[in-house]
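Have a look at entry-v7.pdb below; it lists PDB, C-alpha atoms.
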ATOM      1  CA  MET A   1      50.587  51.598  55.239
ATOM      2  CA  ASN A   2      50.280  53.362  58.594
ATOM      3  CA  LEU A   3      50.265  50.609  61.211
ATOM      4  CA  PRO A   4      50.548  51.250  64.967
ATOM      5  CA  ASP A   5      53.803  50.493  66.736
ATOM      6  CA  PRO A   6      53.743  46.729  67.500
ATOM      7  CA  LEU A   7      55.093  47.269  71.015
ATOM      8  CA  VAL A   8      54.991  44.413  73.518
ATOM      9  CA  ARG A   9      53.997  45.739  76.944
ATOM     10  CA  VAL A  10      55.343  43.310  79.519
ATOM     11  CA  SER A  11      53.838  45.384  82.341
ATOM     12  CA  GLY A  12      50.429  43.976  81.410
ATOM     13  CA  ALA A  13      51.352  40.358  82.154
ATOM     14  CA  VAL A  14      48.610  38.345  83.875
ATOM     15  CA  GLU A  15      48.567  34.900  85.471
ATOM     16  CA  VAL A  16      46.033  32.659  83.689
ATOM     17  CA  ALA A  17      46.849  29.584  85.794
ATOM     18  CA  ALA A  18      49.332  28.795  88.548
ATOM     19  CA  ASP A  19      52.793  29.857  87.283
ATOM     20  CA  VAL A  20      51.514  30.382  83.745
ATOM     21  CA  LEU A  21      51.693  34.006  82.625
ATOM     22  CA  VAL A  22      50.440  35.726  79.485
ATOM     23  CA  ILE A  23      51.732  39.048  78.185
ATOM     24  CA  PRO A  24      48.574  40.128  76.342
ATOM     25  CA  ASN A  25      48.584  41.802  72.965
ATOM     26  CA  ASP A  26      45.844  44.262  74.026
ATOM     27  CA  HIS A  27      44.374  43.971  70.516
ATOM     28  CA  VAL A  28      47.329  45.790  68.919
ATOM     29  CA  GLY A  29      48.085  44.622  65.402
ATOM     30  CA  LEU A  30      51.235  42.514  64.900
ATOM     31  CA  VAL A  31      51.569  41.955  68.652
ATOM     32  CA  PRO A  32      51.027  38.341  69.749
ATOM     33  CA  ASN A  33      49.954  36.996  73.093
ATOM     34  CA  ILE A  34      53.193  35.758  74.683
ATOM     35  CA  GLY A  35      53.399  32.960  77.244
ATOM     36  CA  VAL A  36      55.737  32.390  80.176
ATOM     37  CA  VAL A  37      55.414  28.912  81.699
ATOM     38  CA  CYS A  38      57.300  28.162  84.919
ATOM     39  CA  GLY A  39      58.666  24.994  86.458
ATOM     40  CA  THR A  40      61.021  24.594  89.391
ATOM     41  CA  GLU A  41      64.059  24.147  87.136
ATOM     42  CA  ALA A  42      63.258  26.013  83.906
ATOM     43  CA  VAL A  43      60.984  28.634  82.369
ATOM     44  CA  LEU A  44      59.571  28.363  78.839
ATOM     45  CA  VAL A  45      58.693  31.445  76.791
ATOM     46  CA  VAL A  46      56.152  31.055  73.980
ATOM     47  CA  ASP A  47      56.650  33.571  71.114
ATOM     48  CA  THR A  48      58.759  36.739  71.123
ATOM     49  CA  GLY A  49      57.072  39.761  69.615
ATOM     50  CA  LEU A  50      58.346  41.546  66.520
ATOM     51  CA  GLY A  51      62.071  42.249  66.368
ATOM     52  CA  ALA A  52      65.025  42.479  68.701
ATOM     53  CA  ASP A  53      63.814  45.284  70.984
ATOM     54  CA  ASN A  54      60.531  43.576  71.814
ATOM     55  CA  ALA A  55      62.350  40.283  72.330
ATOM     56  CA  ALA A  56      64.814  41.956  74.678
ATOM     57  CA  GLU A  57      61.924  43.243  76.799
ATOM     58  CA  VAL A  58      60.334  39.796  76.882
ATOM     59  CA  LEU A  59      63.674  38.197  77.742
ATOM     60  CA  ALA A  60      64.257  40.671  80.581
ATOM     61  CA  PHE A  61      60.775  39.996  81.955
ATOM     62  CA  ALA A  62      61.187  36.232  81.699
ATOM     63  CA  SER A  63      64.621  36.427  83.324
ATOM     64  CA  GLU A  64      63.148  38.316  86.251
ATOM     65  CA  VAL A  65      60.453  35.665  86.599
ATOM     66  CA  ALA A  66      62.997  32.844  86.253
ATOM     67  CA  ARG A  67      65.410  34.154  88.906
ATOM     68  CA  GLY A  68      68.262  31.986  87.719
ATOM     69  CA  ARG A  69      66.254  29.094  86.347
ATOM     70  CA  ARG A  70      67.098  27.959  82.832
ATOM     71  CA  LEU A  71      65.312  29.866  80.061
ATOM     72  CA  LEU A  72      63.915  28.177  76.935
ATOM     73  CA  LEU A  73      62.015  29.590  73.964
ATOM     74  CA  THR A  74      59.628  28.005  71.519
ATOM     75  CA  THR A  75      57.384  29.617  68.910
ATOM     76  CA  THR A  76      53.957  28.643  67.651
ATOM     77  CA  HIS A  77      54.856  29.295  63.997
ATOM     78  CA  PHE A  78      57.421  31.154  61.913
ATOM     79  CA  HIS A  79      55.686  34.473  61.201
ATOM     80  CA  PRO A  80      57.761  37.524  62.177
ATOM     81  CA  GLU A  81      55.703  38.863  65.093
ATOM     82  CA  HIS A  82      55.837  35.429  66.713
ATOM     83  CA  ALA A  83      59.376  34.274  65.986
ATOM     84  CA  PHE A  84      61.619  37.050  64.703
ATOM     85  CA  GLY A  85      63.037  37.954  68.089
ATOM     86  CA  ALA A  86      64.245  34.437  68.825
ATOM     87  CA  SER A  87      67.934  35.276  68.394
ATOM     88  CA  ALA A  88      67.824  37.124  71.726
ATOM     89  CA  PHE A  89      67.162  33.906  73.664
ATOM     90  CA  PRO A  90      69.767  31.417  74.880
ATOM     91  CA  SER A  91      67.928  28.273  73.744
ATOM     92  CA  TYR A  92      65.352  28.142  70.933
ATOM     93  CA  LEU A  93      63.594  24.904  69.959
ATOM     94  CA  VAL A  94      60.942  24.225  67.318
ATOM     95  CA  ASN A  95      59.385  21.369  65.364
ATOM     96  CA  ARG A  96      60.955  20.418  62.052
ATOM     97  CA  ALA A  97      58.208  21.787  59.798
ATOM     98  CA  GLN A  98      58.491  25.188  61.469
ATOM     99  CA  ALA A  99      62.271  25.120  61.109
ATOM    100  CA  ASP A 100      61.756  24.408  57.410
ATOM    101  CA  ASP A 101      59.380  27.373  57.176
ATOM    102  CA  LEU A 102      61.992  29.635  58.775
ATOM    103  CA  ARG A 103      64.679  28.430  56.404
ATOM    104  CA  HIS A 104      62.670  28.514  53.185
ATOM    105  CA  LYS A 105      60.259  31.417  53.724
ATOM    106  CA  GLY A 106      61.663  33.473  56.585
ATOM    107  CA  SER A 107      63.648  35.935  54.474
ATOM    108  CA  GLY A 108      60.665  36.588  52.195
ATOM    109  CA  TYR A 109      58.424  37.349  55.162
ATOM    110  CA  LEU A 110      61.085  39.566  56.710
ATOM    111  CA  GLU A 111      61.190  41.677  53.547
ATOM    112  CA  MET A 112      57.388  41.719  53.285
ATOM    113  CA  PHE A 113      57.034  43.011  56.853
ATOM    114  CA  ARG A 114      59.775  45.598  56.323
ATOM    115  CA  GLY A 115      57.734  46.773  53.364
ATOM    116  CA  PHE A 116      54.962  47.845  55.747
ATOM    117  CA  GLY A 117      57.246  50.769  56.632
ATOM    118  CA  GLY A 118      56.930  53.024  59.662
ATOM    119  CA  ALA A 119      57.117  51.542  63.143
ATOM    120  CA  VAL A 120      56.944  47.972  61.826
ATOM    121  CA  ALA A 121      60.055  48.434  59.691
ATOM    122  CA  ASP A 122      61.788  50.199  62.593
ATOM    123  CA  ARG A 123      61.098  47.217  64.844
ATOM    124  CA  LEU A 124      62.846  44.975  62.315
ATOM    125  CA  ASN A 125      66.055  47.030  62.124
ATOM    126  CA  GLY A 126      68.955  44.637  62.529
ATOM    127  CA  THR A 127      66.658  41.617  62.644
ATOM    128  CA  GLU A 128      67.717  38.414  60.944
ATOM    129  CA  VAL A 129      65.792  35.214  60.370
ATOM    130  CA  PRO A 130      66.396  33.134  63.523
ATOM    131  CA  VAL A 131      68.048  29.741  63.453
ATOM    132  CA  PRO A 132      66.758  27.234  66.052
ATOM    133  CA  ASP A 133      69.192  25.649  68.498
ATOM    134  CA  GLU A 134      67.139  22.448  68.578
ATOM    135  CA  VAL A 135      64.849  20.985  65.918
ATOM    136  CA  PHE A 136      62.706  18.020  66.865
ATOM    137  CA  ASP A 137      60.528  15.500  65.086
ATOM    138  CA  GLY A 138      57.118  14.519  66.364
ATOM    139  CA  VAL A 139      55.887  15.652  69.769
ATOM    140  CA  ARG A 140      58.434  17.122  72.196
ATOM    141  CA  THR A 141      57.796  16.880  75.934
ATOM    142  CA  LEU A 142      59.685  19.273  78.194
ATOM    143  CA  ASP A 143      60.137  18.698  81.923
ATOM    144  CA  LEU A 144      60.520  22.156  83.436
ATOM    145  CA  GLY A 145      60.767  20.688  86.933
ATOM    146  CA  GLY A 146      57.483  19.640  88.512
ATOM    147  CA  ARG A 147      55.710  20.653  85.329
ATOM    148  CA  VAL A 148      55.524  18.998  81.927
ATOM    149  CA  VAL A 149      54.901  21.056  78.798
ATOM    150  CA  VAL A 150      54.034  19.444  75.466
ATOM    151  CA  LEU A 151      55.065  20.995  72.129
ATOM    152  CA  ARG A 152      52.689  19.439  69.608
ATOM    153  CA  PRO A 153      52.941  20.009  65.846
ATOM    154  CA  THR A 154      49.459  20.029  64.338
ATOM    155  CA  GLY A 155      50.020  19.568  60.613
ATOM    156  CA  ARG A 156      48.872  22.081  58.020
ATOM    157  CA  GLY A 157      46.489  24.769  59.183
ATOM    158  CA  HIS A 158      47.456  28.436  59.396
ATOM    159  CA  THR A 159      50.963  27.400  58.242
ATOM    160  CA  ALA A 160      52.756  24.161  57.436
ATOM    161  CA  GLY A 161      54.674  24.290  60.722
ATOM    162  CA  ASP A 162      51.994  25.199  63.273
ATOM    163  CA  GLN A 163      52.697  24.036  66.801
ATOM    164  CA  VAL A 164      50.504  24.281  69.879
ATOM    165  CA  VAL A 165      51.947  24.419  73.385
ATOM    166  CA  GLU A 166      50.078  22.447  76.038
ATOM    167  CA  VAL A 167      50.439  22.808  79.811
ATOM    168  CA  PRO A 168      48.468  19.720  80.870
ATOM    169  CA  ASP A 169      48.480  20.179  84.642
ATOM    170  CA  ALA A 170      47.047  23.678  84.248
ATOM    171  CA  GLY A 171      44.728  22.892  81.331
ATOM    172  CA  VAL A 172      46.291  25.729  79.306
ATOM    173  CA  LEU A 173      46.705  25.705  75.524
ATOM    174  CA  PHE A 174      48.699  28.234  73.479
ATOM    175  CA  THR A 175      47.428  28.113  69.896
ATOM    176  CA  GLY A 176      49.378  30.738  67.988
ATOM    177  CA  ASP A 177      47.435  31.975  64.972
ATOM    178  CA  LEU A 178      45.355  28.830  64.691
ATOM    179  CA  ALA A 179      42.973  30.866  66.854
ATOM    180  CA  GLU A 180      42.181  34.524  67.332
ATOM    181  CA  THR A 181      39.262  36.340  68.898
ATOM    182  CA  GLY A 182      37.416  39.345  67.561
ATOM    183  CA  GLN A 183      38.697  39.000  64.016
ATOM    184  CA  PHE A 184      38.442  36.956  60.852
ATOM    185  CA  ALA A 185      40.896  34.052  60.646
ATOM    186  CA  ILE A 186      44.243  35.029  59.114
ATOM    187  CA  PHE A 187      44.847  33.234  55.807
ATOM    188  CA  PRO A 188      48.425  33.758  54.567
ATOM    189  CA  TRP A 189      47.412  32.688  51.043
ATOM    190  CA  PHE A 190      49.951  34.397  48.791
ATOM    191  CA  PRO A 191      50.197  32.395  45.560
ATOM    192  CA  PRO A 192      52.607  31.491  44.128
ATOM    193  CA  HIS A 193      54.958  32.375  47.003
ATOM    194  CA  ASP A 194      53.136  30.755  49.924
ATOM    195  CA  THR A 195      50.137  28.440  49.630
ATOM    196  CA  ASP A 196      50.730  26.234  52.656
ATOM    197  CA  VAL A 197      47.682  27.444  54.583
ATOM    198  CA  SER A 198      44.907  24.834  54.432
ATOM    199  CA  GLY A 199      41.336  25.703  55.339
ATOM    200  CA  ILE A 200      40.364  22.028  55.374
ATOM    201  CA  GLY A 201      43.374  21.029  57.426
ATOM    202  CA  TRP A 202      42.707  23.937  59.778
ATOM    203  CA  ILE A 203      39.147  22.748  60.494
ATOM    204  CA  GLY A 204      40.487  19.281  61.311
ATOM    205  CA  VAL A 205      43.107  20.768  63.633
ATOM    206  CA  MET A 206      40.457  22.764  65.483
ATOM    207  CA  ASP A 207      38.258  19.696  65.896
ATOM    208  CA  ARG A 208      41.161  17.817  67.493
ATOM    209  CA  LEU A 209      42.034  20.715  69.797
ATOM    210  CA  ILE A 210      38.416  21.033  70.910
ATOM    211  CA  ALA A 211      38.245  17.289  71.611
ATOM    212  CA  ALA A 212      41.307  17.564  73.871
ATOM    213  CA  GLY A 213      39.275  19.789  76.216
ATOM    214  CA  PRO A 214      41.614  22.585  77.369
ATOM    215  CA  ARG A 215      40.298  24.806  80.144
ATOM    216  CA  VAL A 216      42.232  27.955  79.179
ATOM    217  CA  VAL A 217      42.916  28.889  75.551
ATOM    218  CA  VAL A 218      45.487  31.572  74.730
ATOM    219  CA  PRO A 219      44.967  32.646  71.108
ATOM    220  CA  GLY A 220      47.661  34.122  68.921
ATOM    221  CA  HIS A 221      45.883  37.482  69.013
ATOM    222  CA  GLY A 222      42.885  38.579  71.049
ATOM    223  CA  THR A 223      41.414  37.674  74.404
ATOM    224  CA  THR A 224      42.294  34.584  76.421
ATOM    225  CA  GLY A 225      39.255  32.429  77.112
ATOM    226  CA  GLY A 226      38.072  28.857  77.268
ATOM    227  CA  PRO A 227      37.044  26.192  74.729
ATOM    228  CA  GLU A 228      34.656  28.679  73.134
ATOM    229  CA  VAL A 229      37.691  30.364  71.551
ATOM    230  CA  LEU A 230      38.427  27.196  69.579
ATOM    231  CA  GLU A 231      34.768  26.526  68.820
ATOM    232  CA  GLY A 232      34.290  30.042  67.472
ATOM    233  CA  VAL A 233      37.204  29.710  65.053
ATOM    234  CA  ARG A 234      36.133  26.232  63.932
ATOM    235  CA  ASP A 235      32.585  27.432  63.317
ATOM    236  CA  TYR A 236      33.782  30.428  61.300
ATOM    237  CA  LEU A 237      36.088  28.277  59.170
ATOM    238  CA  CYS A 238      33.166  25.969  58.429
ATOM    239  CA  GLU A 239      31.048  28.995  57.465
ATOM    240  CA  LEU A 240      33.785  30.240  55.161
ATOM    241  CA  ARG A 241      34.161  26.800  53.584
ATOM    242  CA  ASP A 242      30.438  26.260  53.098
ATOM    243  CA  GLU A 243      29.706  29.701  51.670
ATOM    244  CA  THR A 244      32.697  29.448  49.317
ATOM    245  CA  TRP A 245      32.055  25.930  48.097
ATOM    246  CA  ARG A 246      28.330  26.542  47.573
ATOM    247  CA  ARG A 247      29.131  29.346  45.166
ATOM    248  CA  ARG A 248      32.111  27.567  43.651
ATOM    249  CA  ASP A 249      29.848  24.679  42.709
ATOM    250  CA  SER A 250      27.441  27.084  40.985
ATOM    251  CA  ALA A 251      30.234  28.392  38.708
ATOM    252  CA  THR A 252      29.968  31.924  40.084
ATOM    253  CA  ALA A 253      32.685  34.232  38.744
ATOM    254  CA  VAL A 254      35.558  34.552  41.212
ATOM    255  CA  GLU A 255      35.093  38.299  41.716
ATOM    256  CA  ASP A 256      31.382  37.839  42.422
ATOM    257  CA  LEU A 257      32.062  34.852  44.651
ATOM    258  CA  VAL A 258      34.466  36.851  46.827
ATOM    259  CA  ALA A 259      32.060  39.788  47.057
ATOM    260  CA  GLU A 260      29.117  37.566  47.971
ATOM    261  CA  VAL A 261      30.996  35.579  50.615
ATOM    262  CA  ARG A 262      32.479  38.735  52.087
ATOM    263  CA  ALA A 263      29.039  40.376  52.320
ATOM    264  CA  VAL A 264      27.524  37.345  54.054
ATOM    265  CA  LEU A 265      30.320  36.954  56.593
ATOM    266  CA  VAL A 266      30.612  40.660  57.412
ATOM    267  CA  GLU A 267      26.861  40.776  57.989
ATOM    268  CA  ARG A 268      27.163  37.836  60.393
ATOM    269  CA  HIS A 269      30.221  39.231  62.184
ATOM    270  CA  PRO A 270      30.045  43.027  61.794
ATOM    271  CA  GLU A 271      32.160  43.695  64.872
ATOM    272  CA  TRP A 272      35.156  41.612  63.767
ATOM    273  CA  ALA A 273      38.399  43.149  62.543
ATOM    274  CA  GLY A 274      40.496  41.828  59.670
ATOM    275  CA  GLN A 275      37.943  41.793  56.847
ATOM    276  CA  GLU A 276      40.890  41.788  54.433
ATOM    277  CA  TRP A 277      41.518  38.128  55.328
ATOM    278  CA  ILE A 278      38.203  36.943  53.890
ATOM    279  CA  GLU A 279      39.352  37.178  50.262
ATOM    280  CA  PRO A 280      42.521  35.074  50.677
ATOM    281  CA  GLY A 281      40.477  32.590  52.689
ATOM    282  CA  VAL A 282      38.088  32.260  49.767
ATOM    283  CA  GLY A 283      41.049  31.842  47.407
ATOM    284  CA  CYS A 284      42.518  29.077  49.542
ATOM    285  CA  LEU A 285      39.223  27.219  49.817
ATOM    286  CA  CYS A 286      38.525  27.602  46.091
ATOM    287  CA  ALA A 287      41.839  25.887  45.397
ATOM    288  CA  GLU A 288      40.952  23.133  47.843
ATOM    289  CA  ALA A 289      37.466  22.803  46.324
ATOM    290  CA  ASP A 290      38.992  22.267  42.886
ATOM    291  CA  GLY A 291      41.023  19.337  44.200
ATOM    292  CA  ARG A 292      38.894  18.143  47.071
ATOM    293  CA  ASP A 293      37.859  14.781  45.601
ATOM    294  CA  GLY A 294      41.403  13.576  46.154
ATOM    295  CA  PHE A 295      42.423  16.142  48.734
ATOM    296  CA  SER A 296      44.563  15.060  51.643
ATOM    297  CA  VAL A 297      46.275  16.982  54.430
ATOM    298  CA  ASP A 298      49.870  16.190  55.337
TER     299      ASP A 298
END
Give the structure from the file, written as structure tokens.
Amino acid sequence: MNLPDPLVRVSGAVEVAADVLVIPNDHVGLVPNIGVVCGTEAVLVVDTGLGADNAAEVLAFASEVARGRRLLLTTTHFHPEHAFGASAFPSYLVNRAQADDLRHKGSGYLEMFRGFGGAVADRLNGTEVPVPDEVFDGVRTLDLGGRVVVLRPTGRGHTAGDQVVEVPDAGVLFTGDLAETGQFAIFPWFPPHDTDVSGIGWIGVMDRLIAAGPRVVVPGHGTTGGPEVLEGVRDYLCELRDETWRRRDSATAVEDLVAEVRAVLVERHPEWAGQEWIEPGVGCLCAEADGRDGFSVD
């Protein structure tokens, strides 16, 4: 697999609201949008980039912004390009479900990403699964000094431990991979090793985020925008669900079902990247269709 170097370019940082910066991923694969949120007493970094070298660049940038203020890190979920540079930071805090993901699945994902080879494997040289300094239950509110930031676990969606980061006074929401732009939603459906992604739970999460009315939405990957970012993902997930379940109910063979759903969705969204995520999305929603009469989301 010949993937581009997942290099975080801190020089591209932009201010999306007063004292809220985003280091954009510039549509490079395995590079997340990274947040830097400033208060008068502390600065919070959201996500790290892949591996120690990227994290060191982000830390240096954040330290320059902070100018002596306390530095904190949180991550939106446990996947390597979002969290596997956390060891570089002095204080790392996450919700309990994400900490469980790191502990139980982190090493498997580290090996999977190393298996991509090339620049991705090079970025992970010397990387270990991070261990949080603080694990919290429920919603965690941080006072950065004149600015409150809310770390809000969402329940099952893209992962079991998804967490959004809200900056209420600025109307900014960091979603992690609950939202992307310009690509099909990422379904980490890898049975039997990882089946925590929930298409049904994900739709419910998006409905709640839309209802909260953020003004600025920073997706995990892609272009920062407004509420339309959330609405676009929610609408696609509903399309994927409906097209999958319609064919599942008609007893279509799985191979034909995947091919039909893929054809329909690619025709509707021909410009989107990540077509490879349609098939695992269908697999996830087939599993949920089989049990949906009694289905519940944690």
TODO: Using the chain letters and residue numbers of this document, give as a PyMOL selection string the residues selected by the PyMOL selection byres ((chain A and resi 68) around 12).
DONE: chain A and resi 38-43+60+62-67+69-71
Task: Two-atom distance - CA of Ile200 in chain A, CA of His77 in chain A (Å) - done: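 Atom-to-atom, CA of Ile200 in chain A and CA of His77 in chain A are spaced 18.4 Å apart.
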Check which residues satisfy the PyMOL selection byres ((chain A and resi 148) around 9) in the file shown, then give them as a PDB file with C-alpha atoms, in the frame of the given file.
ATOM      1  CA  GLY A  39      58.666  24.994  86.458  1.00  0.00           C
ATOM      2  CA  THR A 141      57.796  16.880  75.934  1.00  0.00           C
ATOM      3  CA  LEU A 142      59.685  19.273  78.194  1.00  0.00           C
ATOM      4  CA  ASP A 143      60.137  18.698  81.923  1.00  0.00           C
ATOM      5  CA  LEU A 144      60.520  22.156  83.436  1.00  0.00           C
ATOM      6  CA  GLY A 145      60.767  20.688  86.933  1.00  0.00           C
ATOM      7  CA  GLY A 146      57.483  19.640  88.512  1.00  0.00           C
ATOM      8  CA  ARG A 147      55.710  20.653  85.329  1.00  0.00           C
ATOM      9  CA  VAL A 149      54.901  21.056  78.798  1.00  0.00           C
ATOM     10  CA  VAL A 150      54.034  19.444  75.466  1.00  0.00           C
ATOM     11  CA  GLU A 166      50.078  22.447  76.038  1.00  0.00           C
ATOM     12  CA  VAL A 167      50.439  22.808  79.811  1.00  0.00           C
ATOM     13  CA  PRO A 168      48.468  19.720  80.870  1.00  0.00           C
ATOM     14  CA  ASP A 169      48.480  20.179  84.642  1.00  0.00           C
TER      15      ASP A 169
END
- [ ] Rounded to one decimal place, report the CA of Ser198 in chain A-CA of Gly220 in chain A distance in Å.
- [x]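 Separation between CA of Ser198 in chain A and CA of Gly220 in chain A: 17.4 Å.
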TODO: I need the residue set behind the PyMOL selection byres ((chain A and resi 56) around 12) for this file; please write it as a ChimeraX atom specification.
DONE: /A:7-10,48-55,57-63,84-90,123
Box for range 73-79 of chain A: with edges along x, y and z, all listed atoms inside and 3 Å added on each side, what are the centre and edge lengths in Å to one decimal, as lines of an AutoDock Vina configuration file?
center_x = 58.0
center_y = 31.2
center_z = 67.6
size_x = 14.1
size_y = 12.5
size_z = 18.8
- [ ] For each of A:Val233, A:Val16, A:Leu151, A:Ala185, take the minimum atom-to-atom distance to Phe136 in chain A, counting all atoms listed in the file, then give the residue where this is smallest.
- [x] A:Leu151
Open item on the list: From the options A:Gly138, A:Pro32, A:Pro80, A:Pro227, which residue's atoms come nearest to Met112 in chain A, counting only C-alpha atoms?
Closed with: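 Using only C-alpha atoms, Met112 in chain A sits closest to A:Pro80.
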Scan for residues within 12 Å of the point (71.3, 26.1, 63.5) in the coordinates of the file, using all atoms listed in the file, and reply as an mmCIF file with C-alpha atoms, keeping the file's coordinate frame.
data_model
loop_
_atom_site.group_PDB
_atom_site.id
_atom_site.type_symbol
_atom_site.label_atom_id
_atom_site.label_comp_id
_atom_site.auth_asym_id
_atom_site.auth_seq_id
_atom_site.Cartn_x
_atom_site.Cartn_y
_atom_site.Cartn_z
ATOM 1 C CA SER A 87 67.934 35.276 68.394
ATOM 2 C CA SER A 91 67.928 28.273 73.744
ATOM 3 C CA TYR A 92 65.352 28.142 70.933
ATOM 4 C CA LEU A 93 63.594 24.904 69.959
ATOM 5 C CA VAL A 94 60.942 24.225 67.318
ATOM 6 C CA ARG A 96 60.955 20.418 62.052
ATOM 7 C CA ALA A 99 62.271 25.120 61.109
ATOM 8 C CA ASP A 100 61.756 24.408 57.410
ATOM 9 C CA LEU A 102 61.992 29.635 58.775
ATOM 10 C CA ARG A 103 64.679 28.430 56.404
ATOM 11 C CA VAL A 129 65.792 35.214 60.370
ATOM 12 C CA PRO A 130 66.396 33.134 63.523
ATOM 13 C CA VAL A 131 68.048 29.741 63.453
ATOM 14 C CA PRO A 132 66.758 27.234 66.052
ATOM 15 C CA ASP A 133 69.192 25.649 68.498
ATOM 16 C CA GLU A 134 67.139 22.448 68.578
ATOM 17 C CA VAL A 135 64.849 20.985 65.918
#
TODO: Identify which of the residues A:Trp245, A:Phe78, A:Trp272, A:Phe174 lies closest to Asn33 in chain A, counting only C-alpha atoms when measuring atom-to-atom distances.
DONE: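 The shortest atom-to-atom distance to Asn33 in chain A comes from A:Phe174.
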TODO: Select, from A:Val282, A:Val164, A:Leu21, A:Cys238, the residue with the minimum atom-to-atom distance to Val258 in chain A, counting all atoms listed in the file.
DONE: A:Val282
Polymer residues at most 12 Å from Glu15 in chain A, all atoms listed in the file, same-chain spacing of 2 or more positions, as a short mmCIF file (atom, residue, chain, number, x, y, z; two decimals) with C-alpha atoms, in the coordinates of the input:
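Result went into selection_16.cif, see below:
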data_model
loop_
_atom_site.label_atom_id
_atom_site.label_comp_id
_atom_site.auth_asym_id
_atom_site.auth_seq_id
_atom_site.Cartn_x
_atom_site.Cartn_y
_atom_site.Cartn_z
CA GLY A 12 50.43 43.98 81.41
CA ALA A 13 51.35 40.36 82.15
CA ALA A 17 46.85 29.58 85.79
CA ALA A 18 49.33 28.80 88.55
CA ASP A 19 52.79 29.86 87.28
CA VAL A 20 51.51 30.38 83.74
CA LEU A 21 51.69 34.01 82.62
CA VAL A 22 50.44 35.73 79.48
CA ILE A 23 51.73 39.05 78.18
CA PRO A 24 48.57 40.13 76.34
CA ILE A 34 53.19 35.76 74.68
CA GLY A 35 53.40 32.96 77.24
CA VAL A 36 55.74 32.39 80.18
CA VAL A 37 55.41 28.91 81.70
CA CYS A 38 57.30 28.16 84.92
CA VAL A 65 60.45 35.66 86.60
CA ALA A 170 47.05 23.68 84.25
CA VAL A 172 46.29 25.73 79.31
CA VAL A 216 42.23 27.96 79.18
CA VAL A 218 45.49 31.57 74.73
CA THR A 224 42.29 34.58 76.42
#
Open item on the list: Between CA of Glu81 in chain A and CA of Pro270 in chain A, what distance in Å does the model show, to one decimal?
Closed with: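 Those two atoms sit 26.2 Å apart.
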TODO: Find the residue from A:Thr181, A:Asn25, A:Thr159, A:Thr75 that sits nearest to Asp101 in chain A; use only C-alpha atoms when measuring.
DONE: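 With only C-alpha atoms as the atom set, the closest residue is A:Thr159.
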- [ ] Choose the residue, out of A:Leu3, A:Leu178, A:Ala160, A:Leu44, that has the smallest atom-to-atom separation from Phe116 in chain A; count only C-alpha atoms.
- [x]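 That would be A:Leu3, the residue with the smallest distance to Phe116 in chain A.
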Contacts of Pro188 in chain A at 8 Å or less, counting all atoms listed in the file, minus same-chain residues fewer than 3 places along, as a PDB file with C-alpha atoms, keeping the file's coordinate frame?
ATOM      1  CA  HIS A 158      47.456  28.436  59.396  1.00  0.00           C
ATOM      2  CA  THR A 159      50.963  27.400  58.242  1.00  0.00           C
ATOM      3  CA  ASP A 194      53.136  30.755  49.924  1.00  0.00           C
ATOM      4  CA  THR A 195      50.137  28.440  49.630  1.00  0.00           C
ATOM      5  CA  VAL A 197      47.682  27.444  54.583  1.00  0.00           C
ATOM      6  CA  PRO A 280      42.521  35.074  50.677  1.00  0.00           C
TER       7      PRO A 280
END
TODO: For Gly118 in chain A, list every protein, DNA or RNA residue within 12 Å, evaluated using only C-alpha atoms, and leave out those in the same chain fewer than 4 positions away; present the list as a VMD selection string.
DONE: chain A and resid 1 to 6 113 to 114 122 to 125
